Amino acid sequence: MRSKRDKLFLLSLLPLSLSLLAILIISIITMVLKSVDALQRFGFQLFASSGWSPENEAYGLLAPIVGSLTVSALAVLTALIFSLPLTIMIAEYLQGIVRGVVSSIVELMGGLPTIVYAVWASQYLVPLLKQFLMEPLHSALPFIPLFSCRPVTGFSILAAGISIGISTVPYVTALTLEAYQSIPSIYREACYGIGATRYESIKIMISLAKPAIVASLILGFARALGETTIAAVTVGNSMYLSSCLFAPGYTVAALIASQFADAYLYPYAESVLYVSILIVVLISVALSFYGSTTMIRWRSRIIV
C-alpha cells in the first residue's frame, strides 16, 4: 500500500515527465504545420524524385531519405562489428584495472563531441577508406553494383556510414554490455555444470541476449539517423541517387545543415526541409519506441 509520501513523490515527478512528452508532441505538431505548404504544393512527388533547385521550385527528397536509411544501416553494421567483440572482451576476459580502463575509454569515446569524429573522419578515415577499401573493392569486384563506381574523392555513402558507425560504437556497446551483464549468473553456471567450455558458454549467453542486442542496434539506427555533423562532412553532399556505395550522396540531416540557413529566401524550400525533418523524426520515434519496448520485454523475461 502506498503511503502519502509515495503519492506526493509520484505527483512531483509527473509535471517533468509530462512536460517532456508535451515537448515531443508540440514539436511534431509544429513540423506537421510547417510541412503542409510543401505537401499541398508537391504531394507525393517530393518522395518520388531527387533534386534541389529552389530557384526553379524543384524539390525531391528521395535521395536524402534513401541516403539516410543506407548510411544508418551501414553505421549499425559497423557498430555491431566493433561492439559485440568489445562487449565480450569486457564482460568475459578483462579483469580488474584493465576492465576499468577499457570501460572508461569506451565511456570517454561516447562523451566526445561529434565534431571531433567529423574532423577525424574527413581528414584521416576517408582517405584511408578510399585507398585501402574502396579502390581495392572497385578493382576486384567492379561487376557488383555496390562497388561499380570508381571512388573519386572518398567522400561517399560508405564513408559516412562507417564514420557514423564508429561514433555510435560506445552507445551500442553500453546497451549491449548492460544487457549481457544483466543475464542472471545461473545461466552461466548451468553451462559450466553440463561441461560447456568458455567459448560454448559465451555462445549460449549471446543467444540469450540476442533480443537485447537487436534492440540495441535498433536504438543505434535511430541515433545514427539524425547524426548531422559527421554526415555533412563525409557523405559528399550530392543529390545523385546511386546504387554504388562509393558515390557521394546526401542524408536528410546533411541536407538540413547545408540548406536551412538560406531556405527562407525561396518559396517552399523551408517547408520542404520541415517535411524531411518530420520523416526522420517519425522514423526515429517509431524505432526508439520499438527498441525500448523490446528491451523492456526481454528484461522482464530473462531476469529471474
# chains A, B, ... in the order shown; residues from 1 in each chain; ligands from 1

$ residues_around --residues "A:Ser72" --least-positions-apart "4" --cutoff "7 Å" --atoms "only C-alpha atoms" --output "list of chain:residue names"
A:Ser68, A:Val76, A:Gly161, A:Phe221, A:Ala224, A:Leu225

$ closest_atom_pairs --of "stretch 143-167 of chain A" --to "stretch 114-118 of chain A" --cutoff "9 Å" --atoms "only C-alpha atoms" --output "tab-separated table"
residue	atom	partner	partner_atom	distance
A:Ser163	CA	A:Tyr117	CA	7.4
A:Ile164	CA	A:Tyr117	CA	8.2
A:Ile166	CA	A:Tyr117	CA	8.4
A:Ser167	CA	A:Tyr117	CA	6.6

$ closest_atom_pairs --of "stretch 176-246 of chain A" --to "stretch 32-49 of chain A" --cutoff "12 Å" --atoms "only C-alpha atoms" --output "JSON lines"
{"residue": "A:Met239", "atom": "CA", "partner": "A:Ser49", "partner_atom": "CA", "distance": 10.0}
{"residue": "A:Tyr240", "atom": "CA", "partner": "A:Ser49", "partner_atom": "CA", "distance": 10.5}
{"residue": "A:Leu241", "atom": "CA", "partner": "A:Ser49", "partner_atom": "CA", "distance": 9.6}

$ write_last_selection --atoms "C-alpha atoms" --output "short mmCIF file (atom, residue, chain, number, x, y, z; two decimals), in the first residue's frame"
data_model
loop_
_atom_site.label_atom_id
_atom_site.label_comp_id
_atom_site.auth_asym_id
_atom_site.auth_seq_id
_atom_site.Cartn_x
_atom_site.Cartn_y
_atom_site.Cartn_z
CA MET A 239 21.61 14.71 -54.75
CA TYR A 240 22.66 11.96 -57.14
CA LEU A 241 20.95 8.68 -56.27
#

$ residues_around --residues "stretch 279-295 of chain A" --least-positions-apart "6" --cutoff "9 Å" --atoms "only C-alpha atoms" --output "list in words"
Ile28, Ile65, Ser68, Ala179, Pro211, Ala212, Ile213, Val214, Ala215, Ser216, Leu217, Ile218, Leu219, Gly220, Phe221, Ala222, Arg223, Leu225, Gly226, Val252 and Ala253 of chain A

$ write_last_selection --atoms "N, CA and C atoms" --output "PDB file, in the first residue's frame"
ATOM      1  N   ILE A  28       6.288  17.779 -32.967  1.00  0.00           N
ATOM      2  CA  ILE A  28       5.753  17.062 -34.121  1.00  0.00           C
ATOM      3  C   ILE A  28       4.615  17.852 -34.767  1.00  0.00           C
ATOM      4  N   ILE A  65      16.438  10.758 -48.268  1.00  0.00           N
ATOM      5  CA  ILE A  65      15.785   9.757 -47.421  1.00  0.00           C
ATOM      6  C   ILE A  65      16.453   8.395 -47.600  1.00  0.00           C
ATOM      7  N   SER A  68      19.858   8.538 -46.006  1.00  0.00           N
ATOM      8  CA  SER A  68      19.810   8.447 -44.548  1.00  0.00           C
ATOM      9  C   SER A  68      19.636   7.014 -44.081  1.00  0.00           C
ATOM     10  N   ALA A 179      22.999  -5.274 -21.137  1.00  0.00           N
ATOM     11  CA  ALA A 179      22.110  -6.421 -21.322  1.00  0.00           C
ATOM     12  C   ALA A 179      22.842  -7.728 -21.038  1.00  0.00           C
ATOM     13  N   PRO A 211      17.817 -10.859 -28.343  1.00  0.00           N
ATOM     14  CA  PRO A 211      16.782  -9.819 -28.490  1.00  0.00           C
ATOM     15  C   PRO A 211      17.246  -8.456 -28.001  1.00  0.00           C
ATOM     16  N   ALA A 212      18.023  -8.446 -26.920  1.00  0.00           N
ATOM     17  CA  ALA A 212      18.529  -7.171 -26.404  1.00  0.00           C
ATOM     18  C   ALA A 212      19.557  -6.570 -27.352  1.00  0.00           C
ATOM     19  N   ILE A 213      20.378  -7.408 -27.968  1.00  0.00           N
ATOM     20  CA  ILE A 213      21.363  -6.921 -28.933  1.00  0.00           C
ATOM     21  C   ILE A 213      20.656  -6.312 -30.137  1.00  0.00           C
ATOM     22  N   VAL A 214      19.618  -6.980 -30.620  1.00  0.00           N
ATOM     23  CA  VAL A 214      18.839  -6.448 -31.749  1.00  0.00           C
ATOM     24  C   VAL A 214      18.203  -5.109 -31.363  1.00  0.00           C
ATOM     25  N   ALA A 215      17.664  -5.034 -30.143  1.00  0.00           N
ATOM     26  CA  ALA A 215      17.065  -3.784 -29.669  1.00  0.00           C
ATOM     27  C   ALA A 215      18.114  -2.678 -29.589  1.00  0.00           C
ATOM     28  N   SER A 216      19.326  -3.026 -29.155  1.00  0.00           N
ATOM     29  CA  SER A 216      20.412  -2.042 -29.091  1.00  0.00           C
ATOM     30  C   SER A 216      20.757  -1.511 -30.477  1.00  0.00           C
ATOM     31  N   LEU A 217      20.758  -2.392 -31.463  1.00  0.00           N
ATOM     32  CA  LEU A 217      21.051  -1.971 -32.835  1.00  0.00           C
ATOM     33  C   LEU A 217      19.938  -1.094 -33.391  1.00  0.00           C
ATOM     34  N   ILE A 218      18.697  -1.412 -33.047  1.00  0.00           N
ATOM     35  CA  ILE A 218      17.576  -0.575 -33.492  1.00  0.00           C
ATOM     36  C   ILE A 218      17.691   0.825 -32.903  1.00  0.00           C
ATOM     37  N   LEU A 219      18.028   0.901 -31.620  1.00  0.00           N
ATOM     38  CA  LEU A 219      18.220   2.211 -30.990  1.00  0.00           C
ATOM     39  C   LEU A 219      19.428   2.928 -31.597  1.00  0.00           C
ATOM     40  N   GLY A 220      20.474   2.160 -31.930  1.00  0.00           N
ATOM     41  CA  GLY A 220      21.621   2.756 -32.603  1.00  0.00           C
ATOM     42  C   GLY A 220      21.265   3.290 -33.977  1.00  0.00           C
ATOM     43  N   PHE A 221      20.399   2.582 -34.700  1.00  0.00           N
ATOM     44  CA  PHE A 221      19.923   3.031 -36.008  1.00  0.00           C
ATOM     45  C   PHE A 221      19.193   4.364 -35.866  1.00  0.00           C
ATOM     46  N   ALA A 222      18.313   4.458 -34.875  1.00  0.00           N
ATOM     47  CA  ALA A 222      17.571   5.700 -34.652  1.00  0.00           C
ATOM     48  C   ALA A 222      18.516   6.846 -34.317  1.00  0.00           C
ATOM     49  N   ARG A 223      19.562   6.541 -33.565  1.00  0.00           N
ATOM     50  CA  ARG A 223      20.544   7.578 -33.210  1.00  0.00           C
ATOM     51  C   ARG A 223      21.326   8.013 -34.448  1.00  0.00           C
ATOM     52  N   LEU A 225      20.425   7.926 -37.487  1.00  0.00           N
ATOM     53  CA  LEU A 225      19.560   8.564 -38.484  1.00  0.00           C
ATOM     54  C   LEU A 225      19.599  10.082 -38.384  1.00  0.00           C
ATOM     55  N   GLY A 226      19.779  10.596 -37.181  1.00  0.00           N
ATOM     56  CA  GLY A 226      19.775  12.046 -37.004  1.00  0.00           C
ATOM     57  C   GLY A 226      21.146  12.670 -36.897  1.00  0.00           C
ATOM     58  N   VAL A 252      19.284  13.289 -44.894  1.00  0.00           N
ATOM     59  CA  VAL A 252      18.351  14.358 -44.535  1.00  0.00           C
ATOM     60  C   VAL A 252      19.022  15.347 -43.588  1.00  0.00           C
ATOM     61  N   ALA A 253      19.772  14.831 -42.618  1.00  0.00           N
ATOM     62  CA  ALA A 253      20.441  15.708 -41.661  1.00  0.00           C
ATOM     63  C   ALA A 253      21.449  16.621 -42.356  1.00  0.00           C
TER      64      ALA A 253
END

$ closest_atom_pairs --of "stretch 200-274 of chain A" --to "stretch 128-139 of chain A" --cutoff "12 Å" --atoms "only C-alpha atoms" --output "Markdown table"
| residue | atom | partner | partner_atom | distance |
| --- | --- | --- | --- | --- |
| A:Thr234 | CA | A:Leu129 | CA | 11.4 |
| A:Cys244 | CA | A:His138 | CA | 10.1 |
| A:Leu245 | CA | A:Met134 | CA | 8.9 |
| A:Phe246 | CA | A:Met134 | CA | 6.8 |
| A:Ala247 | CA | A:Met134 | CA | 10.3 |

$ select_by_dssp --residues "stretch 37-160 of chain A" --states "alpha helix (DSSP H)" --output "ChimeraX atom specification"
/A:37-42,45-48,62-88,96-111,114-120,126-129,135-140,157-160

$ atom_distance --atom1 "atom CA of A:Val172" --atom2 "atom CA of A:Leu146"
26.2 Å

$ atom_distance --atom1 "atom CA of A:Thr168" --atom2 "atom CA of A:Met89"
18.1 Å

$ residues_around --residues "A:Ile202" --least-positions-apart "5" --cutoff "12 Å" --atoms "only C-alpha atoms" --output "VMD selection string"
chain A and resid 84 to 85 87 to 89 91 to 93 180 to 181 183 187 to 189 191 to 192 196 to 197 207 to 210

$ closest_residue --among "A:Trp52, A:Tyr268, A:Tyr199, A:Tyr250" --to "A:Leu69" --atoms "only C-alpha atoms"
A:Tyr250

$ closest_residue --among "A:Arg5, A:Asn237, A:Ser243, A:Ala254" --to "A:Ile144" --atoms "only C-alpha atoms"
A:Ser243

$ residues_around --residues "A:Pro54" --least-positions-apart "6" --cutoff "9 Å" --atoms "only C-alpha atoms" --output "list in words"
Ala263, Leu265, Tyr266, Pro267, Tyr268 and Ala269 of chain A

$ write_last_selection --atoms "C-alpha atoms" --output "compact mmCIF listing (two decimals), in the first residue's frame"
# COMPACT_ATOMS: atom_id res chain seq x y z
CA ALA A 263 15.80 28.30 -47.19
CA LEU A 265 14.80 33.09 -49.34
CA TYR A 266 12.91 30.69 -51.61
CA PRO A 267 9.27 29.65 -51.81
CA TYR A 268 8.53 26.24 -50.29
CA ALA A 269 12.22 25.46 -49.54

$ residues_around --residues "A:Ser50" --least-positions-apart "6" --cutoff "6 Å" --atoms "only C-alpha atoms" --output "list in words"
Gly60, Leu61, Leu62 and Ala63 of chain A

$ write_last_selection --atoms "C-alpha atoms" --output "PDB file, in the first residue's frame"
ATOM      1  CA  GLY A  60      12.840  15.980 -54.306  1.00  0.00           C
ATOM      2  CA  LEU A  61      13.643  14.140 -51.090  1.00  0.00           C
ATOM      3  CA  LEU A  62      14.114  10.606 -52.395  1.00  0.00           C
ATOM      4  CA  ALA A  63      17.928  10.755 -52.439  1.00  0.00           C
TER       5      ALA A  63
END

$ closest_residue --among "A:Val126, A:Ile23, A:Val233, A:Val119" --to "A:Ile162" --atoms "only C-alpha atoms"
A:Val126

$ atom_distance --atom1 "atom CA of A:Pro184" --atom2 "atom CA of A:Glu200"
16.9 Å

$ select_by_dssp --residues "stretch 41-241 of chain A" --states "strand (DSSP E or B)" --output "VMD selection string"
chain A and resid 50 to 53 58 to 61 236

$ closest_residue --among "A:Ile194, A:Ala174, A:Ile230, A:Val106" --to "A:Ala159" --atoms "only C-alpha atoms"
A:Ile230

$ decode --residues "stretch 256-301 of chain A" --atoms "N, CA and C atoms" --output "PDB file, in the first residue's frame"
ATOM      1  N   ILE A 256      19.609  19.367 -44.342  1.00  0.00           N
ATOM      2  CA  ILE A 256      19.106  20.432 -43.471  1.00  0.00           C
ATOM      3  C   ILE A 256      20.248  21.344 -43.042  1.00  0.00           C
ATOM      4  N   ALA A 257      21.380  20.731 -42.673  1.00  0.00           N
ATOM      5  CA  ALA A 257      22.520  21.526 -42.213  1.00  0.00           C
ATOM      6  C   ALA A 257      23.044  22.457 -43.298  1.00  0.00           C
ATOM      7  N   SER A 258      23.017  22.015 -44.543  1.00  0.00           N
ATOM      8  CA  SER A 258      23.592  22.811 -45.624  1.00  0.00           C
ATOM      9  C   SER A 258      22.603  23.796 -46.252  1.00  0.00           C
ATOM     10  N   GLN A 259      21.300  23.548 -46.119  1.00  0.00           N
ATOM     11  CA  GLN A 259      20.315  24.354 -46.842  1.00  0.00           C
ATOM     12  C   GLN A 259      19.411  25.213 -45.963  1.00  0.00           C
ATOM     13  N   PHE A 260      19.325  24.916 -44.674  1.00  0.00           N
ATOM     14  CA  PHE A 260      18.307  25.569 -43.854  1.00  0.00           C
ATOM     15  C   PHE A 260      18.551  27.072 -43.697  1.00  0.00           C
ATOM     16  N   ALA A 261      19.815  27.486 -43.635  1.00  0.00           N
ATOM     17  CA  ALA A 261      20.114  28.901 -43.389  1.00  0.00           C
ATOM     18  C   ALA A 261      19.557  29.810 -44.480  1.00  0.00           C
ATOM     19  N   ASP A 262      19.554  29.335 -45.721  1.00  0.00           N
ATOM     20  CA  ASP A 262      19.090  30.164 -46.846  1.00  0.00           C
ATOM     21  C   ASP A 262      17.703  29.769 -47.340  1.00  0.00           C
ATOM     22  N   ALA A 263      17.072  28.810 -46.678  1.00  0.00           N
ATOM     23  CA  ALA A 263      15.800  28.297 -47.188  1.00  0.00           C
ATOM     24  C   ALA A 263      14.701  29.346 -47.191  1.00  0.00           C
ATOM     25  N   TYR A 264      14.753  30.288 -46.251  1.00  0.00           N
ATOM     26  CA  TYR A 264      13.687  31.284 -46.169  1.00  0.00           C
ATOM     27  C   TYR A 264      13.662  32.213 -47.391  1.00  0.00           C
ATOM     28  N   LEU A 265      14.728  32.220 -48.170  1.00  0.00           N
ATOM     29  CA  LEU A 265      14.801  33.094 -49.338  1.00  0.00           C
ATOM     30  C   LEU A 265      13.971  32.578 -50.513  1.00  0.00           C
ATOM     31  N   TYR A 266      13.587  31.313 -50.474  1.00  0.00           N
ATOM     32  CA  TYR A 266      12.912  30.692 -51.615  1.00  0.00           C
ATOM     33  C   TYR A 266      11.547  30.138 -51.204  1.00  0.00           C
ATOM     34  N   PRO A 267      10.588  30.207 -52.111  1.00  0.00           N
ATOM     35  CA  PRO A 267       9.269  29.649 -51.809  1.00  0.00           C
ATOM     36  C   PRO A 267       9.346  28.131 -51.600  1.00  0.00           C
ATOM     37  N   TYR A 268       8.698  27.668 -50.590  1.00  0.00           N
ATOM     38  CA  TYR A 268       8.532  26.243 -50.291  1.00  0.00           C
ATOM     39  C   TYR A 268       9.810  25.538 -49.813  1.00  0.00           C
ATOM     40  N   ALA A 269      10.976  26.154 -49.923  1.00  0.00           N
ATOM     41  CA  ALA A 269      12.216  25.460 -49.537  1.00  0.00           C
ATOM     42  C   ALA A 269      12.208  25.098 -48.049  1.00  0.00           C
ATOM     43  N   GLU A 270      11.822  26.057 -47.228  1.00  0.00           N
ATOM     44  CA  GLU A 270      11.806  25.801 -45.785  1.00  0.00           C
ATOM     45  C   GLU A 270      10.768  24.746 -45.439  1.00  0.00           C
ATOM     46  N   SER A 271       9.620  24.814 -46.092  1.00  0.00           N
ATOM     47  CA  SER A 271       8.569  23.835 -45.836  1.00  0.00           C
ATOM     48  C   SER A 271       9.004  22.435 -46.250  1.00  0.00           C
ATOM     49  N   VAL A 272       9.726  22.328 -47.359  1.00  0.00           N
ATOM     50  CA  VAL A 272      10.236  21.028 -47.810  1.00  0.00           C
ATOM     51  C   VAL A 272      11.212  20.463 -46.792  1.00  0.00           C
ATOM     52  N   LEU A 273      12.057  21.314 -46.238  1.00  0.00           N
ATOM     53  CA  LEU A 273      13.001  20.851 -45.223  1.00  0.00           C
ATOM     54  C   LEU A 273      12.265  20.365 -43.980  1.00  0.00           C
ATOM     55  N   TYR A 274      11.178  21.025 -43.631  1.00  0.00           N
ATOM     56  CA  TYR A 274      10.383  20.558 -42.494  1.00  0.00           C
ATOM     57  C   TYR A 274       9.751  19.198 -42.784  1.00  0.00           C
ATOM     58  N   VAL A 275       9.393  18.957 -44.037  1.00  0.00           N
ATOM     59  CA  VAL A 275       8.884  17.638 -44.406  1.00  0.00           C
ATOM     60  C   VAL A 275       9.952  16.577 -44.149  1.00  0.00           C
ATOM     61  N   SER A 276      11.179  16.870 -44.560  1.00  0.00           N
ATOM     62  CA  SER A 276      12.264  15.912 -44.359  1.00  0.00           C
ATOM     63  C   SER A 276      12.543  15.699 -42.876  1.00  0.00           C
ATOM     64  N   ILE A 277      12.483  16.782 -42.101  1.00  0.00           N
ATOM     65  CA  ILE A 277      12.667  16.647 -40.648  1.00  0.00           C
ATOM     66  C   ILE A 277      11.583  15.763 -40.061  1.00  0.00           C
ATOM     67  N   LEU A 278      10.352  15.982 -40.482  1.00  0.00           N
ATOM     68  CA  LEU A 278       9.225  15.205 -39.972  1.00  0.00           C
ATOM     69  C   LEU A 278       9.403  13.719 -40.262  1.00  0.00           C
ATOM     70  N   ILE A 279       9.849  13.395 -41.466  1.00  0.00           N
ATOM     71  CA  ILE A 279      10.063  11.988 -41.833  1.00  0.00           C
ATOM     72  C   ILE A 279      11.084  11.344 -40.904  1.00  0.00           C
ATOM     73  N   VAL A 280      12.203  12.025 -40.682  1.00  0.00           N
ATOM     74  CA  VAL A 280      13.261  11.485 -39.822  1.00  0.00           C
ATOM     75  C   VAL A 280      12.782  11.340 -38.378  1.00  0.00           C
ATOM     76  N   VAL A 281      12.066  12.338 -37.898  1.00  0.00           N
ATOM     77  CA  VAL A 281      11.575  12.293 -36.517  1.00  0.00           C
ATOM     78  C   VAL A 281      10.605  11.137 -36.323  1.00  0.00           C
ATOM     79  N   LEU A 282       9.687  10.961 -37.249  1.00  0.00           N
ATOM     80  CA  LEU A 282       8.703   9.886 -37.115  1.00  0.00           C
ATOM     81  C   LEU A 282       9.378   8.512 -37.147  1.00  0.00           C
ATOM     82  N   ILE A 283      10.350   8.345 -38.052  1.00  0.00           N
ATOM     83  CA  ILE A 283      11.071   7.070 -38.108  1.00  0.00           C
ATOM     84  C   ILE A 283      11.855   6.847 -36.821  1.00  0.00           C
ATOM     85  N   SER A 284      12.528   7.888 -36.334  1.00  0.00           N
ATOM     86  CA  SER A 284      13.339   7.762 -35.120  1.00  0.00           C
ATOM     87  C   SER A 284      12.478   7.447 -33.906  1.00  0.00           C
ATOM     88  N   VAL A 285      11.347   8.128 -33.784  1.00  0.00           N
ATOM     89  CA  VAL A 285      10.453   7.880 -32.647  1.00  0.00           C
ATOM     90  C   VAL A 285       9.914   6.461 -32.692  1.00  0.00           C
ATOM     91  N   ALA A 286       9.501   6.013 -33.887  1.00  0.00           N
ATOM     92  CA  ALA A 286       8.965   4.654 -34.014  1.00  0.00           C
ATOM     93  C   ALA A 286      10.030   3.609 -33.670  1.00  0.00           C
ATOM     94  N   LEU A 287      11.249   3.795 -34.174  1.00  0.00           N
ATOM     95  CA  LEU A 287      12.322   2.843 -33.902  1.00  0.00           C
ATOM     96  C   LEU A 287      12.727   2.868 -32.430  1.00  0.00           C
ATOM     97  N   SER A 288      12.798   4.060 -31.846  1.00  0.00           N
ATOM     98  CA  SER A 288      13.164   4.176 -30.442  1.00  0.00           C
ATOM     99  C   SER A 288      12.119   3.507 -29.551  1.00  0.00           C
ATOM    100  N   PHE A 289      10.852   3.707 -29.878  1.00  0.00           N
ATOM    101  CA  PHE A 289       9.783   3.088 -29.094  1.00  0.00           C
ATOM    102  C   PHE A 289       9.841   1.571 -29.205  1.00  0.00           C
ATOM    103  N   TYR A 290      10.031   1.083 -30.431  1.00  0.00           N
ATOM    104  CA  TYR A 290      10.100  -0.372 -30.626  1.00  0.00           C
ATOM    105  C   TYR A 290      11.324  -0.964 -29.940  1.00  0.00           C
ATOM    106  N   GLY A 291      12.470  -0.299 -30.085  1.00  0.00           N
ATOM    107  CA  GLY A 291      13.679  -0.807 -29.446  1.00  0.00           C
ATOM    108  C   GLY A 291      13.579  -0.807 -27.936  1.00  0.00           C
ATOM    109  N   SER A 292      13.026   0.256 -27.373  1.00  0.00           N
ATOM    110  CA  SER A 292      12.900   0.344 -25.917  1.00  0.00           C
ATOM    111  C   SER A 292      11.931  -0.702 -25.367  1.00  0.00           C
ATOM    112  N   THR A 293      10.782  -0.867 -26.029  1.00  0.00           N
ATOM    113  CA  THR A 293       9.819  -1.860 -25.561  1.00  0.00           C
ATOM    114  C   THR A 293      10.354  -3.278 -25.716  1.00  0.00           C
ATOM    115  N   THR A 294      11.121  -3.521 -26.778  1.00  0.00           N
ATOM    116  CA  THR A 294      11.748  -4.839 -26.957  1.00  0.00           C
ATOM    117  C   THR A 294      12.729  -5.126 -25.830  1.00  0.00           C
ATOM    118  N   MET A 295      13.529  -4.128 -25.453  1.00  0.00           N
ATOM    119  CA  MET A 295      14.487  -4.281 -24.357  1.00  0.00           C
ATOM    120  C   MET A 295      13.770  -4.532 -23.038  1.00  0.00           C
ATOM    121  N   ILE A 296      12.697  -3.807 -22.795  1.00  0.00           N
ATOM    122  CA  ILE A 296      11.955  -3.968 -21.540  1.00  0.00           C
ATOM    123  C   ILE A 296      11.331  -5.359 -21.460  1.00  0.00           C
ATOM    124  N   ARG A 297      10.736  -5.818 -22.569  1.00  0.00           N
ATOM    125  CA  ARG A 297      10.137  -7.156 -22.574  1.00  0.00           C
ATOM    126  C   ARG A 297      11.192  -8.230 -22.352  1.00  0.00           C
ATOM    127  N   TRP A 298      12.363  -8.062 -22.967  1.00  0.00           N
ATOM    128  CA  TRP A 298      13.433  -9.048 -22.793  1.00  0.00           C
ATOM    129  C   TRP A 298      13.886  -9.112 -21.343  1.00  0.00           C
ATOM    130  N   ARG A 299      14.052  -7.962 -20.719  1.00  0.00           N
ATOM    131  CA  ARG A 299      14.495  -7.937 -19.328  1.00  0.00           C
ATOM    132  C   ARG A 299      13.481  -8.597 -18.417  1.00  0.00           C
ATOM    133  N   SER A 300      12.200  -8.388 -18.692  1.00  0.00           N
ATOM    134  CA  SER A 300      11.165  -8.984 -17.837  1.00  0.00           C
ATOM    135  C   SER A 300      11.143 -10.512 -17.967  1.00  0.00           C
ATOM    136  N   ARG A 301      11.590 -11.034 -19.129  1.00  0.00           N
ATOM    137  CA  ARG A 301      11.593 -12.478 -19.319  1.00  0.00           C
ATOM    138  C   ARG A 301      12.869 -13.127 -18.811  1.00  0.00           C
TER     139      ARG A 301
END
